[in-house]
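Raw contents of start-v8.cif, mmCIF, N, CA and C atoms:
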data_coords
loop_
_atom_site.label_atom_id
_atom_site.label_comp_id
_atom_site.auth_asym_id
_atom_site.auth_seq_id
_atom_site.Cartn_x
_atom_site.Cartn_y
_atom_site.Cartn_z
N MET A 762 -27.81 -65.95 5.64
CA MET A 762 -27.29 -67.10 4.98
C MET A 762 -25.78 -67.14 5.18
N ALA A 763 -25.23 -68.33 5.31
CA ALA A 763 -23.80 -68.50 5.50
C ALA A 763 -23.04 -68.14 4.23
N LYS A 764 -21.90 -67.51 4.39
CA LYS A 764 -21.03 -67.21 3.25
C LYS A 764 -20.03 -68.35 3.14
N LEU A 765 -20.05 -69.04 2.01
CA LEU A 765 -19.21 -70.21 1.83
C LEU A 765 -18.00 -69.89 0.97
N HIS A 766 -16.88 -70.47 1.34
CA HIS A 766 -15.65 -70.34 0.56
C HIS A 766 -15.14 -71.75 0.33
N GLY A 767 -15.39 -72.28 -0.82
CA GLY A 767 -15.07 -73.68 -1.10
C GLY A 767 -16.23 -74.55 -0.66
N PRO A 768 -16.14 -75.84 -0.86
CA PRO A 768 -17.24 -76.74 -0.49
C PRO A 768 -17.51 -76.72 1.01
N LEU A 769 -18.75 -76.83 1.37
CA LEU A 769 -19.16 -76.85 2.78
C LEU A 769 -18.46 -77.98 3.51
N PHE A 770 -18.08 -77.77 4.73
CA PHE A 770 -17.34 -78.71 5.57
C PHE A 770 -15.94 -78.97 5.04
N SER A 771 -15.43 -78.14 4.16
CA SER A 771 -14.13 -78.37 3.57
C SER A 771 -13.17 -77.24 3.90
N LEU A 772 -13.38 -76.06 3.33
CA LEU A 772 -12.43 -74.98 3.51
C LEU A 772 -12.90 -73.94 4.52
N ASP A 773 -14.03 -73.33 4.25
CA ASP A 773 -14.43 -72.21 5.10
C ASP A 773 -15.91 -71.93 4.95
N ALA A 774 -16.57 -71.70 6.05
CA ALA A 774 -17.97 -71.27 6.05
C ALA A 774 -18.15 -70.36 7.25
N ARG A 775 -18.87 -69.25 7.06
CA ARG A 775 -19.13 -68.31 8.15
C ARG A 775 -20.56 -67.83 8.06
N GLY A 776 -21.19 -67.73 9.20
CA GLY A 776 -22.54 -67.19 9.25
C GLY A 776 -23.56 -68.23 9.64
N GLN A 777 -24.80 -67.83 9.53
CA GLN A 777 -25.93 -68.63 9.96
C GLN A 777 -26.51 -69.39 8.77
N LEU A 778 -26.83 -70.65 8.98
CA LEU A 778 -27.46 -71.47 7.95
C LEU A 778 -28.88 -71.76 8.44
N GLY A 779 -29.84 -71.00 7.92
CA GLY A 779 -31.21 -71.12 8.41
C GLY A 779 -31.27 -70.74 9.88
N LYS A 780 -32.08 -71.44 10.62
CA LYS A 780 -32.13 -71.27 12.07
C LYS A 780 -31.63 -72.56 12.72
N THR A 781 -30.63 -73.19 12.07
CA THR A 781 -30.15 -74.49 12.50
C THR A 781 -28.70 -74.45 12.96
N LEU A 782 -27.80 -73.97 12.10
CA LEU A 782 -26.37 -74.00 12.39
C LEU A 782 -25.74 -72.63 12.22
N VAL A 783 -24.64 -72.42 12.94
CA VAL A 783 -23.83 -71.22 12.80
C VAL A 783 -22.40 -71.69 12.58
N TYR A 784 -21.78 -71.19 11.50
CA TYR A 784 -20.39 -71.51 11.18
C TYR A 784 -19.55 -70.28 11.47
N SER A 785 -18.35 -70.50 12.03
CA SER A 785 -17.50 -69.37 12.35
C SER A 785 -16.06 -69.83 12.48
N ILE A 786 -15.19 -68.85 12.80
CA ILE A 786 -13.78 -69.12 13.06
C ILE A 786 -13.44 -68.49 14.40
N TRP A 787 -12.72 -69.24 15.23
CA TRP A 787 -12.24 -68.75 16.51
C TRP A 787 -10.76 -69.06 16.60
N LYS A 788 -9.93 -68.03 16.67
CA LYS A 788 -8.48 -68.17 16.76
C LYS A 788 -7.93 -69.09 15.69
N GLY A 789 -8.46 -68.93 14.46
CA GLY A 789 -7.97 -69.69 13.33
C GLY A 789 -8.57 -71.06 13.15
N LEU A 790 -9.47 -71.45 14.03
CA LEU A 790 -10.10 -72.77 13.95
C LEU A 790 -11.54 -72.63 13.47
N ASN A 791 -11.88 -73.33 12.40
CA ASN A 791 -13.27 -73.35 11.93
C ASN A 791 -14.10 -74.21 12.86
N TYR A 792 -15.33 -73.79 13.10
CA TYR A 792 -16.23 -74.61 13.91
C TYR A 792 -17.67 -74.36 13.49
N ALA A 793 -18.51 -75.29 13.86
CA ALA A 793 -19.95 -75.17 13.65
C ALA A 793 -20.63 -75.45 14.98
N ARG A 794 -21.70 -74.72 15.24
CA ARG A 794 -22.45 -74.95 16.48
C ARG A 794 -23.93 -74.81 16.18
N LYS A 795 -24.72 -75.29 17.10
CA LYS A 795 -26.17 -75.19 16.99
C LYS A 795 -26.58 -73.72 17.14
N TYR A 796 -27.54 -73.29 16.35
CA TYR A 796 -28.09 -71.94 16.46
C TYR A 796 -28.94 -71.87 17.73
N VAL A 797 -28.66 -70.91 18.58
CA VAL A 797 -29.46 -70.71 19.79
C VAL A 797 -29.77 -69.22 19.92
N ILE A 798 -30.90 -68.93 20.51
CA ILE A 798 -31.25 -67.55 20.84
C ILE A 798 -30.77 -67.33 22.26
N PRO A 799 -29.82 -66.41 22.48
CA PRO A 799 -29.29 -66.22 23.83
C PRO A 799 -30.35 -65.69 24.79
N SER A 800 -30.27 -66.18 26.01
CA SER A 800 -31.20 -65.68 27.02
C SER A 800 -30.60 -64.43 27.66
N ASN A 801 -31.44 -63.58 28.15
CA ASN A 801 -30.99 -62.37 28.83
C ASN A 801 -31.93 -62.15 30.02
N PRO A 802 -31.65 -62.86 31.14
CA PRO A 802 -32.56 -62.74 32.28
C PRO A 802 -32.57 -61.35 32.90
N ASN A 803 -31.50 -60.56 32.68
CA ASN A 803 -31.44 -59.17 33.15
C ASN A 803 -31.68 -59.05 34.65
N THR A 804 -31.02 -59.92 35.41
CA THR A 804 -31.17 -59.89 36.86
C THR A 804 -30.33 -58.75 37.45
N ALA A 805 -30.56 -58.47 38.72
CA ALA A 805 -29.79 -57.43 39.41
C ALA A 805 -28.32 -57.81 39.47
N ALA A 806 -28.04 -59.09 39.72
CA ALA A 806 -26.64 -59.54 39.78
C ALA A 806 -25.96 -59.38 38.42
N GLN A 807 -26.69 -59.70 37.36
CA GLN A 807 -26.13 -59.56 36.01
C GLN A 807 -25.85 -58.09 35.71
N GLN A 808 -26.72 -57.21 36.10
CA GLN A 808 -26.51 -55.78 35.88
C GLN A 808 -25.31 -55.27 36.67
N THR A 809 -25.12 -55.80 37.87
CA THR A 809 -23.96 -55.42 38.68
C THR A 809 -22.66 -55.79 37.98
N ILE A 810 -22.58 -57.03 37.49
CA ILE A 810 -21.38 -57.49 36.80
C ILE A 810 -21.16 -56.69 35.51
N ARG A 811 -22.23 -56.40 34.78
CA ARG A 811 -22.09 -55.58 33.56
C ARG A 811 -21.55 -54.20 33.92
N GLY A 812 -21.97 -53.67 35.05
CA GLY A 812 -21.45 -52.38 35.51
C GLY A 812 -19.96 -52.47 35.83
N TYR A 813 -19.54 -53.59 36.43
CA TYR A 813 -18.12 -53.79 36.72
C TYR A 813 -17.31 -53.81 35.42
N PHE A 814 -17.83 -54.49 34.40
CA PHE A 814 -17.13 -54.55 33.12
C PHE A 814 -17.06 -53.16 32.48
N SER A 815 -18.14 -52.41 32.56
CA SER A 815 -18.14 -51.05 32.00
C SER A 815 -17.10 -50.18 32.69
N ALA A 816 -17.02 -50.30 34.01
CA ALA A 816 -16.04 -49.53 34.77
C ALA A 816 -14.62 -49.97 34.41
N ALA A 817 -14.42 -51.27 34.20
CA ALA A 817 -13.10 -51.78 33.85
C ALA A 817 -12.64 -51.27 32.49
N VAL A 818 -13.56 -51.25 31.52
CA VAL A 818 -13.22 -50.75 30.18
C VAL A 818 -12.87 -49.26 30.26
N ALA A 819 -13.66 -48.50 30.98
CA ALA A 819 -13.39 -47.06 31.12
C ALA A 819 -12.04 -46.84 31.81
N ALA A 820 -11.74 -47.64 32.83
CA ALA A 820 -10.47 -47.50 33.54
C ALA A 820 -9.29 -47.84 32.63
N TYR A 821 -9.43 -48.89 31.82
CA TYR A 821 -8.35 -49.26 30.90
C TYR A 821 -8.09 -48.14 29.90
N LYS A 822 -9.15 -47.57 29.38
CA LYS A 822 -8.99 -46.48 28.41
C LYS A 822 -8.30 -45.27 29.04
N ALA A 823 -8.48 -45.08 30.34
CA ALA A 823 -7.88 -43.94 31.04
C ALA A 823 -6.42 -44.19 31.44
N GLU A 824 -5.97 -45.45 31.41
CA GLU A 824 -4.60 -45.77 31.79
C GLU A 824 -3.62 -45.20 30.76
N ASP A 825 -2.40 -44.89 31.20
CA ASP A 825 -1.38 -44.42 30.27
C ASP A 825 -0.79 -45.60 29.49
N GLN A 826 -0.04 -45.28 28.44
CA GLN A 826 0.47 -46.33 27.56
C GLN A 826 1.46 -47.25 28.28
N ALA A 827 2.21 -46.73 29.23
CA ALA A 827 3.17 -47.56 29.98
C ALA A 827 2.44 -48.66 30.76
N THR A 828 1.31 -48.32 31.35
CA THR A 828 0.53 -49.31 32.09
C THR A 828 -0.04 -50.35 31.14
N LYS A 829 -0.56 -49.92 29.99
CA LYS A 829 -1.08 -50.86 29.00
C LYS A 829 0.01 -51.79 28.50
N ASP A 830 1.21 -51.24 28.28
CA ASP A 830 2.34 -52.06 27.84
C ASP A 830 2.72 -53.08 28.91
N ALA A 831 2.64 -52.69 30.18
CA ALA A 831 2.94 -53.62 31.28
C ALA A 831 1.95 -54.78 31.29
N TRP A 832 0.68 -54.51 31.01
CA TRP A 832 -0.32 -55.59 30.95
C TRP A 832 -0.07 -56.50 29.76
N ASP A 833 0.33 -55.93 28.63
CA ASP A 833 0.66 -56.76 27.46
C ASP A 833 1.84 -57.67 27.77
N ALA A 834 2.87 -57.12 28.42
CA ALA A 834 4.05 -57.91 28.77
C ALA A 834 3.71 -58.99 29.79
N ALA A 835 2.90 -58.66 30.78
CA ALA A 835 2.51 -59.64 31.79
C ALA A 835 1.71 -60.77 31.16
N ASN A 836 0.84 -60.42 30.22
CA ASN A 836 0.06 -61.44 29.55
C ASN A 836 0.95 -62.35 28.71
N THR A 837 1.93 -61.77 28.03
CA THR A 837 2.87 -62.57 27.25
C THR A 837 3.64 -63.52 28.16
N ALA A 838 4.00 -63.05 29.35
CA ALA A 838 4.76 -63.87 30.29
C ALA A 838 3.97 -65.08 30.78
N ILE A 839 2.65 -64.92 30.97
CA ILE A 839 1.86 -66.06 31.45
C ILE A 839 1.45 -66.97 30.30
N GLY A 840 1.54 -66.46 29.07
CA GLY A 840 1.31 -67.30 27.90
C GLY A 840 -0.11 -67.73 27.64
N LYS A 841 -1.07 -66.93 28.06
CA LYS A 841 -2.47 -67.28 27.80
C LYS A 841 -2.92 -66.68 26.46
N PRO A 842 -3.85 -67.35 25.77
CA PRO A 842 -4.30 -66.84 24.46
C PRO A 842 -5.31 -65.69 24.59
N MET A 843 -4.83 -64.55 25.06
CA MET A 843 -5.67 -63.37 25.18
C MET A 843 -4.79 -62.14 25.06
N THR A 844 -5.38 -60.99 25.10
CA THR A 844 -4.62 -59.75 25.02
C THR A 844 -4.38 -59.19 26.42
N GLY A 845 -3.49 -58.19 26.50
CA GLY A 845 -3.28 -57.50 27.77
C GLY A 845 -4.56 -56.83 28.24
N PHE A 846 -5.37 -56.36 27.29
CA PHE A 846 -6.67 -55.76 27.62
C PHE A 846 -7.57 -56.78 28.32
N ASN A 847 -7.63 -58.00 27.77
CA ASN A 847 -8.46 -59.05 28.38
C ASN A 847 -7.98 -59.39 29.78
N TYR A 848 -6.67 -59.48 29.93
CA TYR A 848 -6.06 -59.80 31.22
C TYR A 848 -6.40 -58.71 32.23
N TYR A 849 -6.26 -57.46 31.83
CA TYR A 849 -6.59 -56.31 32.68
C TYR A 849 -8.05 -56.39 33.13
N LEU A 850 -8.96 -56.56 32.17
CA LEU A 850 -10.38 -56.60 32.50
C LEU A 850 -10.70 -57.73 33.48
N GLY A 851 -10.14 -58.90 33.22
CA GLY A 851 -10.41 -60.04 34.10
C GLY A 851 -10.02 -59.77 35.54
N LEU A 852 -8.82 -59.24 35.74
CA LEU A 852 -8.37 -58.99 37.11
C LEU A 852 -9.04 -57.77 37.73
N TYR A 853 -9.36 -56.78 36.90
CA TYR A 853 -10.07 -55.59 37.40
C TYR A 853 -11.46 -55.97 37.92
N VAL A 854 -12.19 -56.75 37.13
CA VAL A 854 -13.53 -57.18 37.54
C VAL A 854 -13.44 -58.06 38.78
N LYS A 855 -12.46 -58.99 38.81
CA LYS A 855 -12.29 -59.85 39.99
C LYS A 855 -12.02 -59.01 41.23
N TYR A 856 -11.19 -57.97 41.08
CA TYR A 856 -10.90 -57.07 42.21
C TYR A 856 -12.20 -56.44 42.72
N GLN A 857 -13.03 -55.96 41.80
CA GLN A 857 -14.29 -55.33 42.21
C GLN A 857 -15.21 -56.33 42.91
N ILE A 858 -15.27 -57.55 42.40
CA ILE A 858 -16.12 -58.57 43.02
C ILE A 858 -15.62 -58.87 44.43
N ASP A 859 -14.30 -59.00 44.58
CA ASP A 859 -13.71 -59.34 45.88
C ASP A 859 -13.79 -58.19 46.88
N ASN A 860 -13.97 -56.95 46.39
CA ASN A 860 -13.97 -55.77 47.26
C ASN A 860 -15.29 -55.00 47.23
N ALA A 861 -16.39 -55.73 47.11
CA ALA A 861 -17.74 -55.16 47.18
C ALA A 861 -17.95 -53.99 46.21
N GLY A 862 -17.38 -54.10 45.01
CA GLY A 862 -17.61 -53.09 44.00
C GLY A 862 -16.65 -51.93 44.01
N THR A 863 -15.73 -51.91 44.97
CA THR A 863 -14.76 -50.83 45.02
C THR A 863 -13.70 -51.04 43.94
N PRO A 864 -13.49 -50.05 43.06
CA PRO A 864 -12.49 -50.22 42.01
C PRO A 864 -11.08 -50.06 42.56
N PRO A 865 -10.09 -50.68 41.92
CA PRO A 865 -8.70 -50.50 42.36
C PRO A 865 -8.20 -49.09 42.04
N VAL A 866 -7.14 -48.71 42.69
CA VAL A 866 -6.54 -47.39 42.49
C VAL A 866 -5.72 -47.40 41.21
N SER A 867 -5.82 -46.32 40.45
CA SER A 867 -5.06 -46.18 39.20
C SER A 867 -3.64 -45.71 39.54
N PRO A 868 -2.61 -46.16 38.91
CA PRO A 868 -2.60 -47.14 37.84
C PRO A 868 -2.76 -48.55 38.41
N PHE A 869 -3.60 -49.33 37.77
CA PHE A 869 -3.84 -50.72 38.16
C PHE A 869 -2.82 -51.57 37.40
N MET A 870 -1.82 -52.06 38.13
CA MET A 870 -0.71 -52.79 37.51
C MET A 870 -0.91 -54.29 37.63
N PRO A 871 -0.33 -55.05 36.68
CA PRO A 871 -0.46 -56.51 36.75
C PRO A 871 0.29 -57.08 37.94
N PRO A 872 -0.13 -58.27 38.39
CA PRO A 872 0.58 -58.89 39.52
C PRO A 872 2.00 -59.27 39.11
N SER A 873 2.90 -59.24 40.08
CA SER A 873 4.29 -59.57 39.74
C SER A 873 4.55 -61.04 39.82
#
Before we go any further, please render this structure as structure tokens.
Amino acid sequence: MAKLHGPLFSLDARGQLGKTLVYSIWKGLNYARKYVIPSNPNTAAQQTIRGYFSAAVAAYKAEDQATKDAWDAANTAIGKPMTGFNYYLGLYVKYQIDNAGTPPVSPFMPPS
């Protein structure tokens, strides 16, 4: 059941309302969407991409703090609404896709 704070459609609502609607907040914006059961085809291609993401997360965790700070600064410079971690993962996975699954060499630094 949705947890309501103030009248519905007014201040705040979060959670599932039956099997019909889902209320939530994304980056400070309240929204409602249709309840859907996500599909999971579990194809070979999907498993490959999931593996790329797993490798990217492990690589980020292994990076030193200076490298992580460089990604945070690079993300701030481009002004996108994400974290340095998100920026790192996006480019790391793209690198693997473009290079037949070969991971980049550590330290993986942001583009200049």
_For this structure, which residues satisfy the selection - the PyMOL selection byres (((chain A and resi 798 and name CA) around 12) and name CA) - when it is evaluated on the file as given? I want them as a ChimeraX atom specification._
/A:780-783,795-797,799-801
*Run DSSP on the backbone of this structure and report the residues of stretch 783-816 of chain A it assigns to strand (DSSP E or B), as a list in words.*
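The residues of stretch 783-816 of chain A classed as strand (DSSP E or B) are Val783, Tyr784, Ser785, Ile786, Trp787, Leu790, Asn791, Tyr792, Ala793, Arg794 and Lys795 of chain A.
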*asked:* Evaluated on this file, the PyMOL selection byres (((chain A and resi 810-812 and name CA) around 12) and name CA) picks out some residues - which ones are they, written as a ChimeraX atom specification?
replied: /A:803-809,813-819,850-851,853-858,861-864
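Atom C of A:Thr837 sits 15.2 Å away from atom N of A:Leu852.
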*Atom-to-atom span, atom C of A:Asp833 and atom CA of A:Leu790, Å*: 23.7 Å
*Using only C-alpha atoms, pick whichever of A:Lys788, A:Lys841, A:Arg794, A:Lys829 has the shortest atom-to-atom distance to A:Pro868.*
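Result for the nearest residue to A:Pro868: A:Lys829.
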*In terms of the shortest atom-to-atom distance over all atoms listed in the file, which of A:Leu778, A:Ile839, A:Pro802, A:Trp832 is closest to A:Phe869?*
A:Trp832
*What gap, in Å, lies between atom CA of A:Arg775 and atom CA of A:Tyr792?*
9.0 Å
*Might you spell out which residues the PyMOL selection byres (((chain A and resi 835 and name CA) around 12) and name CA) would select in the displayed file, as a ChimeraX atom specification?*
/A:828-834,836-841,843-849,870-873
*Run DSSP on the backbone and give me the residues of stretch 770-867 of chain A it puts in alpha helix (DSSP H), as a ChimeraX atom specification.*
/A:805-823,826-839,845-859
